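Trainee: Dropping in my_file_30.pdb, which is PDB, C-alpha atoms:
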```
ATOM      1  CA  MET A   1      52.314 -44.965  15.279  1.00  0.00           C
ATOM      2  CA  ARG A   2      53.652 -47.066  12.438  1.00  0.00           C
ATOM      3  CA  ILE A   3      52.503 -45.991   8.969  1.00  0.00           C
ATOM      4  CA  THR A   4      51.663 -48.990   6.797  1.00  0.00           C
ATOM      5  CA  VAL A   5      50.751 -49.572   3.171  1.00  0.00           C
ATOM      6  CA  GLU A   6      47.525 -51.278   4.206  1.00  0.00           C
ATOM      7  CA  ASP A   7      46.137 -48.244   6.019  1.00  0.00           C
ATOM      8  CA  SER A   8      47.527 -45.344   3.943  1.00  0.00           C
ATOM      9  CA  ILE A   9      46.498 -43.112   1.076  1.00  0.00           C
ATOM     10  CA  LEU A  10      48.335 -40.228  -0.608  1.00  0.00           C
ATOM     11  CA  VAL A  11      46.524 -36.953  -1.235  1.00  0.00           C
ATOM     12  CA  ASN A  12      48.009 -34.584  -3.844  1.00  0.00           C
ATOM     13  CA  ILE A  13      46.575 -31.115  -3.228  1.00  0.00           C
ATOM     14  CA  ASP A  14      46.378 -28.553  -6.039  1.00  0.00           C
ATOM     15  CA  PHE A  15      49.681 -29.068  -7.902  1.00  0.00           C
ATOM     16  CA  GLN A  16      48.350 -26.880 -10.697  1.00  0.00           C
ATOM     17  CA  ASP A  17      50.349 -25.379 -13.544  1.00  0.00           C
ATOM     18  CA  LYS A  18      49.395 -21.778 -12.720  1.00  0.00           C
ATOM     19  CA  LEU A  19      50.402 -22.214  -9.067  1.00  0.00           C
ATOM     20  CA  ILE A  20      53.614 -24.250  -9.050  1.00  0.00           C
ATOM     21  CA  PRO A  21      55.861 -21.667 -10.778  1.00  0.00           C
ATOM     22  CA  HIS A  22      55.117 -19.237  -7.935  1.00  0.00           C
ATOM     23  CA  MET A  23      56.170 -21.576  -5.115  1.00  0.00           C
ATOM     24  CA  PHE A  24      59.383 -20.615  -3.321  1.00  0.00           C
ATOM     25  CA  ASN A  25      61.112 -23.910  -4.172  1.00  0.00           C
ATOM     26  CA  ALA A  26      59.219 -24.987  -7.281  1.00  0.00           C
ATOM     27  CA  ASP A  27      61.909 -27.141  -8.912  1.00  0.00           C
ATOM     28  CA  GLU A  28      62.738 -29.082  -5.750  1.00  0.00           C
ATOM     29  CA  LEU A  29      59.028 -29.379  -4.926  1.00  0.00           C
ATOM     30  CA  LYS A  30      58.267 -30.979  -8.289  1.00  0.00           C
ATOM     31  CA  LYS A  31      61.272 -33.308  -8.136  1.00  0.00           C
ATOM     32  CA  LYS A  32      60.439 -34.610  -4.662  1.00  0.00           C
ATOM     33  CA  THR A  33      56.702 -34.847  -5.372  1.00  0.00           C
ATOM     34  CA  ILE A  34      57.320 -36.874  -8.532  1.00  0.00           C
ATOM     35  CA  GLY A  35      59.595 -39.157  -6.495  1.00  0.00           C
ATOM     36  CA  LEU A  36      56.938 -39.538  -3.814  1.00  0.00           C
ATOM     37  CA  ILE A  37      54.272 -40.384  -6.392  1.00  0.00           C
ATOM     38  CA  LYS A  38      56.497 -42.933  -8.151  1.00  0.00           C
ATOM     39  CA  GLY A  39      57.316 -44.603  -4.836  1.00  0.00           C
ATOM     40  CA  ILE A  40      53.701 -44.616  -3.696  1.00  0.00           C
ATOM     41  CA  LYS A  41      52.686 -46.172  -7.015  1.00  0.00           C
ATOM     42  CA  ALA A  42      55.386 -48.849  -6.690  1.00  0.00           C
ATOM     43  CA  LEU A  43      54.087 -49.660  -3.203  1.00  0.00           C
ATOM     44  CA  GLN A  44      50.512 -49.772  -4.573  1.00  0.00           C
ATOM     45  CA  VAL A  45      49.202 -47.183  -2.121  1.00  0.00           C
ATOM     46  CA  PRO A  46      46.044 -45.476  -3.445  1.00  0.00           C
ATOM     47  CA  MET A  47      46.010 -41.764  -4.262  1.00  0.00           C
ATOM     48  CA  LEU A  48      43.575 -38.898  -4.553  1.00  0.00           C
ATOM     49  CA  THR A  49      44.376 -35.712  -6.466  1.00  0.00           C
ATOM     50  CA  THR A  50      42.577 -32.397  -6.109  1.00  0.00           C
ATOM     51  CA  GLN A  51      42.438 -29.280  -8.232  1.00  0.00           C
ATOM     52  CA  GLN A  52      41.246 -25.926  -6.951  1.00  0.00           C
ATOM     53  CA  TYR A  53      39.133 -23.961  -9.426  1.00  0.00           C
ATOM     54  CA  THR A  54      40.610 -25.646 -12.505  1.00  0.00           C
ATOM     55  CA  ARG A  55      39.135 -23.110 -14.911  1.00  0.00           C
ATOM     56  CA  GLY A  56      41.187 -20.319 -13.357  1.00  0.00           C
ATOM     57  CA  LEU A  57      44.245 -22.147 -11.996  1.00  0.00           C
ATOM     58  CA  GLY A  58      44.739 -24.754 -14.702  1.00  0.00           C
ATOM     59  CA  PHE A  59      45.274 -28.483 -14.584  1.00  0.00           C
ATOM     60  CA  THR A  60      47.763 -30.452 -12.525  1.00  0.00           C
ATOM     61  CA  ASP A  61      51.336 -29.798 -13.686  1.00  0.00           C
ATOM     62  CA  ALA A  62      52.240 -31.896 -16.753  1.00  0.00           C
ATOM     63  CA  GLU A  63      55.228 -33.652 -15.142  1.00  0.00           C
ATOM     64  CA  ILE A  64      53.278 -34.489 -12.007  1.00  0.00           C
ATOM     65  CA  SER A  65      50.333 -35.652 -14.141  1.00  0.00           C
ATOM     66  CA  ALA A  66      52.713 -37.919 -16.070  1.00  0.00           C
ATOM     67  CA  ALA A  67      54.012 -39.404 -12.799  1.00  0.00           C
ATOM     68  CA  LEU A  68      50.383 -40.023 -11.829  1.00  0.00           C
ATOM     69  CA  GLY A  69      49.915 -41.921 -15.094  1.00  0.00           C
ATOM     70  CA  ALA A  70      48.137 -39.385 -17.310  1.00  0.00           C
ATOM     71  CA  GLU A  71      49.507 -38.797 -20.807  1.00  0.00           C
ATOM     72  CA  ASN A  72      48.377 -35.196 -20.523  1.00  0.00           C
ATOM     73  CA  PRO A  73      46.983 -33.194 -17.595  1.00  0.00           C
ATOM     74  CA  GLU A  74      43.469 -33.005 -19.037  1.00  0.00           C
ATOM     75  CA  GLU A  75      43.199 -36.808 -18.872  1.00  0.00           C
ATOM     76  CA  LEU A  76      44.147 -36.990 -15.190  1.00  0.00           C
ATOM     77  CA  SER A  77      41.472 -38.171 -12.799  1.00  0.00           C
ATOM     78  CA  PHE A  78      41.047 -35.478 -10.138  1.00  0.00           C
ATOM     79  CA  ILE A  79      38.576 -34.075  -7.671  1.00  0.00           C
ATOM     80  CA  GLU A  80      37.506 -30.510  -8.432  1.00  0.00           C
ATOM     81  CA  LYS A  81      37.144 -28.370  -5.334  1.00  0.00           C
ATOM     82  CA  SER A  82      36.380 -24.792  -4.449  1.00  0.00           C
ATOM     83  CA  THR A  83      36.915 -25.267  -0.712  1.00  0.00           C
ATOM     84  CA  PHE A  84      40.296 -24.703   0.874  1.00  0.00           C
ATOM     85  CA  SER A  85      40.064 -27.817   3.051  1.00  0.00           C
ATOM     86  CA  CYS A  86      39.745 -30.961   0.973  1.00  0.00           C
ATOM     87  CA  LEU A  87      37.485 -32.401   3.663  1.00  0.00           C
ATOM     88  CA  ASP A  88      34.936 -29.637   3.046  1.00  0.00           C
ATOM     89  CA  CYS A  89      34.516 -30.993  -0.507  1.00  0.00           C
ATOM     90  CA  ASP A  90      31.808 -33.674  -0.525  1.00  0.00           C
ATOM     91  CA  GLU A  91      33.344 -35.617  -3.419  1.00  0.00           C
ATOM     92  CA  PHE A  92      36.720 -35.748  -1.660  1.00  0.00           C
ATOM     93  CA  ARG A  93      35.223 -36.703   1.710  1.00  0.00           C
ATOM     94  CA  THR A  94      33.232 -39.507   0.085  1.00  0.00           C
ATOM     95  CA  ALA A  95      36.286 -40.829  -1.807  1.00  0.00           C
ATOM     96  CA  LEU A  96      38.414 -40.773   1.340  1.00  0.00           C
ATOM     97  CA  GLU A  97      35.748 -42.510   3.424  1.00  0.00           C
ATOM     98  CA  LYS A  98      35.279 -45.117   0.689  1.00  0.00           C
ATOM     99  CA  SER A  99      39.044 -45.853   0.719  1.00  0.00           C
ATOM    100  CA  GLY A 100      38.829 -46.981   4.344  1.00  0.00           C
ATOM    101  CA  LYS A 101      42.335 -45.591   4.980  1.00  0.00           C
ATOM    102  CA  ARG A 102      43.186 -43.730   8.200  1.00  0.00           C
ATOM    103  CA  ASN A 103      46.751 -42.564   7.433  1.00  0.00           C
ATOM    104  CA  VAL A 104      46.502 -39.666   4.987  1.00  0.00           C
ATOM    105  CA  ILE A 105      49.867 -38.781   3.482  1.00  0.00           C
ATOM    106  CA  ILE A 106      49.728 -35.162   2.300  1.00  0.00           C
ATOM    107  CA  ALA A 107      51.610 -33.423  -0.511  1.00  0.00           C
ATOM    108  CA  GLY A 108      50.496 -30.127  -1.999  1.00  0.00           C
ATOM    109  CA  ILE A 109      50.220 -26.388  -2.137  1.00  0.00           C
ATOM    110  CA  GLU A 110      49.827 -24.021  -0.512  1.00  0.00           C
ATOM    111  CA  GLY A 111      51.185 -25.309   2.767  1.00  0.00           C
ATOM    112  CA  HIS A 112      49.640 -22.586   4.906  1.00  0.00           C
ATOM    113  CA  VAL A 113      46.195 -22.591   3.256  1.00  0.00           C
ATOM    114  CA  CYS A 114      44.697 -25.679   1.568  1.00  0.00           C
ATOM    115  CA  VAL A 115      47.227 -28.107   3.010  1.00  0.00           C
ATOM    116  CA  LEU A 116      46.929 -26.653   6.518  1.00  0.00           C
ATOM    117  CA  GLN A 117      43.126 -26.562   6.551  1.00  0.00           C
ATOM    118  CA  THR A 118      42.966 -30.117   5.211  1.00  0.00           C
ATOM    119  CA  ILE A 119      45.366 -31.322   7.916  1.00  0.00           C
ATOM    120  CA  VAL A 120      43.398 -29.604  10.690  1.00  0.00           C
ATOM    121  CA  ASP A 121      40.109 -31.063   9.456  1.00  0.00           C
ATOM    122  CA  LEU A 122      41.547 -34.549   8.928  1.00  0.00           C
ATOM    123  CA  LYS A 123      42.927 -34.558  12.468  1.00  0.00           C
ATOM    124  CA  SER A 124      39.573 -33.382  13.861  1.00  0.00           C
ATOM    125  CA  ALA A 125      37.781 -36.133  11.912  1.00  0.00           C
ATOM    126  CA  GLY A 126      39.959 -38.869  13.442  1.00  0.00           C
ATOM    127  CA  TYR A 127      42.389 -39.396  10.574  1.00  0.00           C
ATOM    128  CA  ASN A 128      46.174 -39.409  10.908  1.00  0.00           C
ATOM    129  CA  PRO A 129      47.412 -36.684   8.526  1.00  0.00           C
ATOM    130  CA  ILE A 130      51.072 -37.015   7.546  1.00  0.00           C
ATOM    131  CA  PRO A 131      52.481 -33.888   5.852  1.00  0.00           C
ATOM    132  CA  VAL A 132      55.460 -34.641   3.614  1.00  0.00           C
ATOM    133  CA  LEU A 133      57.354 -31.386   4.080  1.00  0.00           C
ATOM    134  CA  ASP A 134      59.586 -31.585   1.007  1.00  0.00           C
ATOM    135  CA  CYS A 135      56.452 -32.160  -1.103  1.00  0.00           C
ATOM    136  CA  ILE A 136      54.617 -29.130   0.296  1.00  0.00           C
ATOM    137  CA  SER A 137      55.229 -25.472  -0.491  1.00  0.00           C
ATOM    138  CA  SER A 138      53.829 -21.937  -0.427  1.00  0.00           C
ATOM    139  CA  ARG A 139      54.585 -18.831  -2.449  1.00  0.00           C
ATOM    140  CA  LYS A 140      56.525 -17.352   0.451  1.00  0.00           C
ATOM    141  CA  GLU A 141      58.915 -19.367   2.576  1.00  0.00           C
ATOM    142  CA  THR A 142      57.680 -17.602   5.718  1.00  0.00           C
ATOM    143  CA  ASP A 143      54.120 -18.768   5.005  1.00  0.00           C
ATOM    144  CA  TYR A 144      55.375 -22.335   4.456  1.00  0.00           C
ATOM    145  CA  LEU A 145      57.260 -22.220   7.783  1.00  0.00           C
ATOM    146  CA  ASN A 146      54.199 -20.847   9.575  1.00  0.00           C
ATOM    147  CA  GLY A 147      52.192 -23.745   8.169  1.00  0.00           C
ATOM    148  CA  ILE A 148      54.705 -26.202   9.641  1.00  0.00           C
ATOM    149  CA  LYS A 149      54.417 -24.519  13.040  1.00  0.00           C
ATOM    150  CA  ARG A 150      50.665 -24.970  12.898  1.00  0.00           C
ATOM    151  CA  TYR A 151      50.957 -28.663  11.898  1.00  0.00           C
ATOM    152  CA  THR A 152      53.095 -29.212  14.970  1.00  0.00           C
ATOM    153  CA  ALA A 153      50.705 -27.235  17.184  1.00  0.00           C
ATOM    154  CA  GLU A 154      47.919 -29.537  15.957  1.00  0.00           C
ATOM    155  CA  ASN A 155      49.965 -32.588  17.114  1.00  0.00           C
ATOM    156  CA  VAL A 156      50.632 -33.678  13.555  1.00  0.00           C
ATOM    157  CA  THR A 157      54.047 -35.202  12.904  1.00  0.00           C
ATOM    158  CA  PRO A 158      55.593 -34.220   9.566  1.00  0.00           C
ATOM    159  CA  THR A 159      57.967 -36.339   7.514  1.00  0.00           C
ATOM    160  CA  CYS A 160      59.954 -36.202   4.271  1.00  0.00           C
ATOM    161  CA  PHE A 161      59.410 -38.176   1.076  1.00  0.00           C
ATOM    162  CA  GLU A 162      62.379 -40.514   1.582  1.00  0.00           C
ATOM    163  CA  SER A 163      61.388 -41.330   5.146  1.00  0.00           C
ATOM    164  CA  ILE A 164      57.753 -42.129   4.324  1.00  0.00           C
ATOM    165  CA  LEU A 165      58.685 -44.309   1.345  1.00  0.00           C
ATOM    166  CA  PHE A 166      61.113 -46.408   3.405  1.00  0.00           C
ATOM    167  CA  GLU A 167      58.641 -46.638   6.280  1.00  0.00           C
ATOM    168  CA  LEU A 168      55.997 -47.949   3.895  1.00  0.00           C
ATOM    169  CA  CYS A 169      58.575 -50.302   2.336  1.00  0.00           C
ATOM    170  CA  ARG A 170      59.531 -51.618   5.833  1.00  0.00           C
ATOM    171  CA  THR A 171      62.327 -53.961   4.756  1.00  0.00           C
ATOM    172  CA  SER A 172      65.050 -54.347   2.163  1.00  0.00           C
ATOM    173  CA  LYS A 173      63.401 -57.671   1.321  1.00  0.00           C
ATOM    174  CA  ASN A 174      60.323 -55.862  -0.009  1.00  0.00           C
ATOM    175  CA  PRO A 175      60.035 -56.593  -3.768  1.00  0.00           C
ATOM    176  CA  VAL A 176      60.009 -52.847  -4.541  1.00  0.00           C
ATOM    177  CA  PHE A 177      62.922 -51.915  -2.243  1.00  0.00           C
ATOM    178  CA  LYS A 178      65.388 -51.473  -5.120  1.00  0.00           C
ATOM    179  CA  GLU A 179      62.902 -49.329  -7.019  1.00  0.00           C
ATOM    180  CA  ILE A 180      62.327 -47.168  -3.934  1.00  0.00           C
ATOM    181  CA  SER A 181      66.090 -46.893  -3.392  1.00  0.00           C
ATOM    182  CA  SER A 182      66.630 -45.675  -6.945  1.00  0.00           C
ATOM    183  CA  ILE A 183      63.791 -43.139  -6.616  1.00  0.00           C
ATOM    184  CA  VAL A 184      65.257 -41.474  -3.520  1.00  0.00           C
ATOM    185  CA  LYS A 185      68.788 -41.159  -4.946  1.00  0.00           C
TER     186      LYS A 185
END
```
Take the structure in this file and express it as structure tokens.
Mentor:
Amino acid sequence: MRITVEDSILVNIDFQDKLIPHMFNADELKKKTIGLIKGIKALQVPMLTTQQYTRGLGFTDAEISAALGAENPEELSFIEKSTFSCLDCDEFRTALEKSGKRNVIIAGIEGHVCVLQTIVDLKSAGYNPIPVLDCISSRKETDYLNGIKRYTAENVTPTCFESILFELCRTSKNPVFKEISSIVK
């Protein structure tokens, strides 16, 4: 199945400042996620961002918030959730349904909990979840790898941020091709 700009949305799951430092590859995770967000913005693909229990886990990381267009994390538009699966959150489900998009590109943490449960529920609801593996992490690498095994068992095909950006771009004649090329370098 070809993933297109017209039928895609990016979901950023729980990239919160009290969680990211504990991820097994935090620096690389942030770098690739910021690149993904910048490319998605250039391609004009819509995005949804969630935060899990903001009061306890903080706001979305400042650098990721900046890439999303917020001058500071407290100004970022996000969906507050207490559920592990984003689809169990009514506000998220409504926003996703309203978008009309079927391809749900996924970045977030933790890969074996909130990301996994969201992927399973999206698949069950008829969406095409697309986990971007270099923009997903867990505290422990073994948990992250177990999450990937489960994605595959659920017949979900993962990708990486460079691959999804070029697939959405489709051609070197796309007006944002040069911008995408510079982002992935």
Trainee: Write out, as JSON lines, each residue of stretch 11-101 of chain A that has an atom at most 12 Å from stretch 161-165 of chain A, together with the closest pair of atoms and their distance in Å to one decimal, counting all atoms listed in the file, rows going by chain and rising number.
Mentor:
```
{"residue": "A:Glu28", "atom": "CA", "partner": "A:Phe161", "partner_atom": "CA", "distance": 11.8}
{"residue": "A:Leu29", "atom": "CA", "partner": "A:Phe161", "partner_atom": "CA", "distance": 10.7}
{"residue": "A:Lys30", "atom": "CA", "partner": "A:Phe161", "partner_atom": "CA", "distance": 11.9}
{"residue": "A:Lys31", "atom": "CA", "partner": "A:Phe161", "partner_atom": "CA", "distance": 10.6}
{"residue": "A:Lys32", "atom": "CA", "partner": "A:Phe161", "partner_atom": "CA", "distance": 6.8}
{"residue": "A:Thr33", "atom": "CA", "partner": "A:Phe161", "partner_atom": "CA", "distance": 7.7}
{"residue": "A:Ile34", "atom": "CA", "partner": "A:Phe161", "partner_atom": "CA", "distance": 9.9}
{"residue": "A:Gly35", "atom": "CA", "partner": "A:Phe161", "partner_atom": "CA", "distance": 7.6}
{"residue": "A:Leu36", "atom": "CA", "partner": "A:Phe161", "partner_atom": "CA", "distance": 5.6}
{"residue": "A:Ile37", "atom": "CA", "partner": "A:Phe161", "partner_atom": "CA", "distance": 9.3}
{"residue": "A:Lys38", "atom": "CA", "partner": "A:Leu165", "partner_atom": "CA", "distance": 9.8}
{"residue": "A:Gly39", "atom": "CA", "partner": "A:Leu165", "partner_atom": "CA", "distance": 6.3}
{"residue": "A:Ile40", "atom": "CA", "partner": "A:Leu165", "partner_atom": "CA", "distance": 7.1}
{"residue": "A:Lys41", "atom": "CA", "partner": "A:Leu165", "partner_atom": "CA", "distance": 10.5}
{"residue": "A:Ala42", "atom": "CA", "partner": "A:Leu165", "partner_atom": "CA", "distance": 9.8}
{"residue": "A:Leu43", "atom": "CA", "partner": "A:Leu165", "partner_atom": "CA", "distance": 8.4}
{"residue": "A:Gln44", "atom": "CA", "partner": "A:Leu165", "partner_atom": "CA", "distance": 11.5}
{"residue": "A:Val45", "atom": "CA", "partner": "A:Leu165", "partner_atom": "CA", "distance": 10.5}
```
Trainee: Quick one: distance from atom CA of A:Leu68 to atom CA of A:Val11 in Å, one decimal?
Mentor: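 It comes out at 11.7 Å.
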Trainee: Evaluate the PyMOL selection byres ((chain A and resi 86-90) around 9) here and jot the selected residues down as a list in words.
Mentor: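 Expected selection for the PyMOL selection byres ((chain A and resi 86-90) around 9) here is Ile13, Thr50, Ile79, Glu80, Lys81, Ser82, Thr83, Phe84, Ser85, Glu91, Phe92, Arg93, Thr94, Ala95, Leu96, Cys114, Val115, Gln117, Thr118, Ile119, Asp121 and Leu122 of chain A.
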Trainee: Expanded to explicit residues, what is the PyMOL selection byres ((chain A and resi 97-111) around 7) for this file, as a PyMOL selection string?
Mentor: chain A and resi 3+7-15+93-96+112-116+127-132+135-138+144+147
Trainee: One decimal, Å: what's the distance from atom CA of A:Lys173 over to atom CA of A:Met47, could you say?
Mentor: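 Taking atom CA of A:Lys173 as the start and atom CA of A:Met47 as the end point, the length is 24.2 Å.
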Trainee: Please compute the atom CA of A:Arg150-atom CA of A:Cys169 distance, one decimal, in Å.
Mentor: 28.6 Å
Trainee: Grab all the atoms of stretch 142-159 of chain A that the file lists, wrap them in a box along x, y and z, add 3 Å per side, and give me centre plus edge lengths in Å (one decimal) as JSON.
Mentor:
```
{"center_x": 52.9, "center_y": -27.0, "center_z": 10.8, "size_x": 16.0, "size_y": 24.7, "size_z": 18.7}
```
Trainee: Taking only C-alpha atoms into account, name the residue in A:Thr157, A:Thr60, A:Thr49, A:Ser124 that is nearest to A:Lys18.
Mentor: A:Thr60
Trainee: Just say which residues the PyMOL selection byres ((chain A and resi 2) around 9) picks in this file, as number ranges by chain.
Mentor: A: 1, 3-4, 167-168
Trainee: Keeping only C-alpha atoms, write those residues as a PDB file, in the frame of the given file.
Mentor:
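again00.pdb written:
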```pdb
ATOM      1  CA  MET A   1      52.314 -44.965  15.279  1.00  0.00           C
ATOM      2  CA  ILE A   3      52.503 -45.991   8.969  1.00  0.00           C
ATOM      3  CA  THR A   4      51.663 -48.990   6.797  1.00  0.00           C
ATOM      4  CA  GLU A 167      58.641 -46.638   6.280  1.00  0.00           C
ATOM      5  CA  LEU A 168      55.997 -47.949   3.895  1.00  0.00           C
TER       6      LEU A 168
END
```
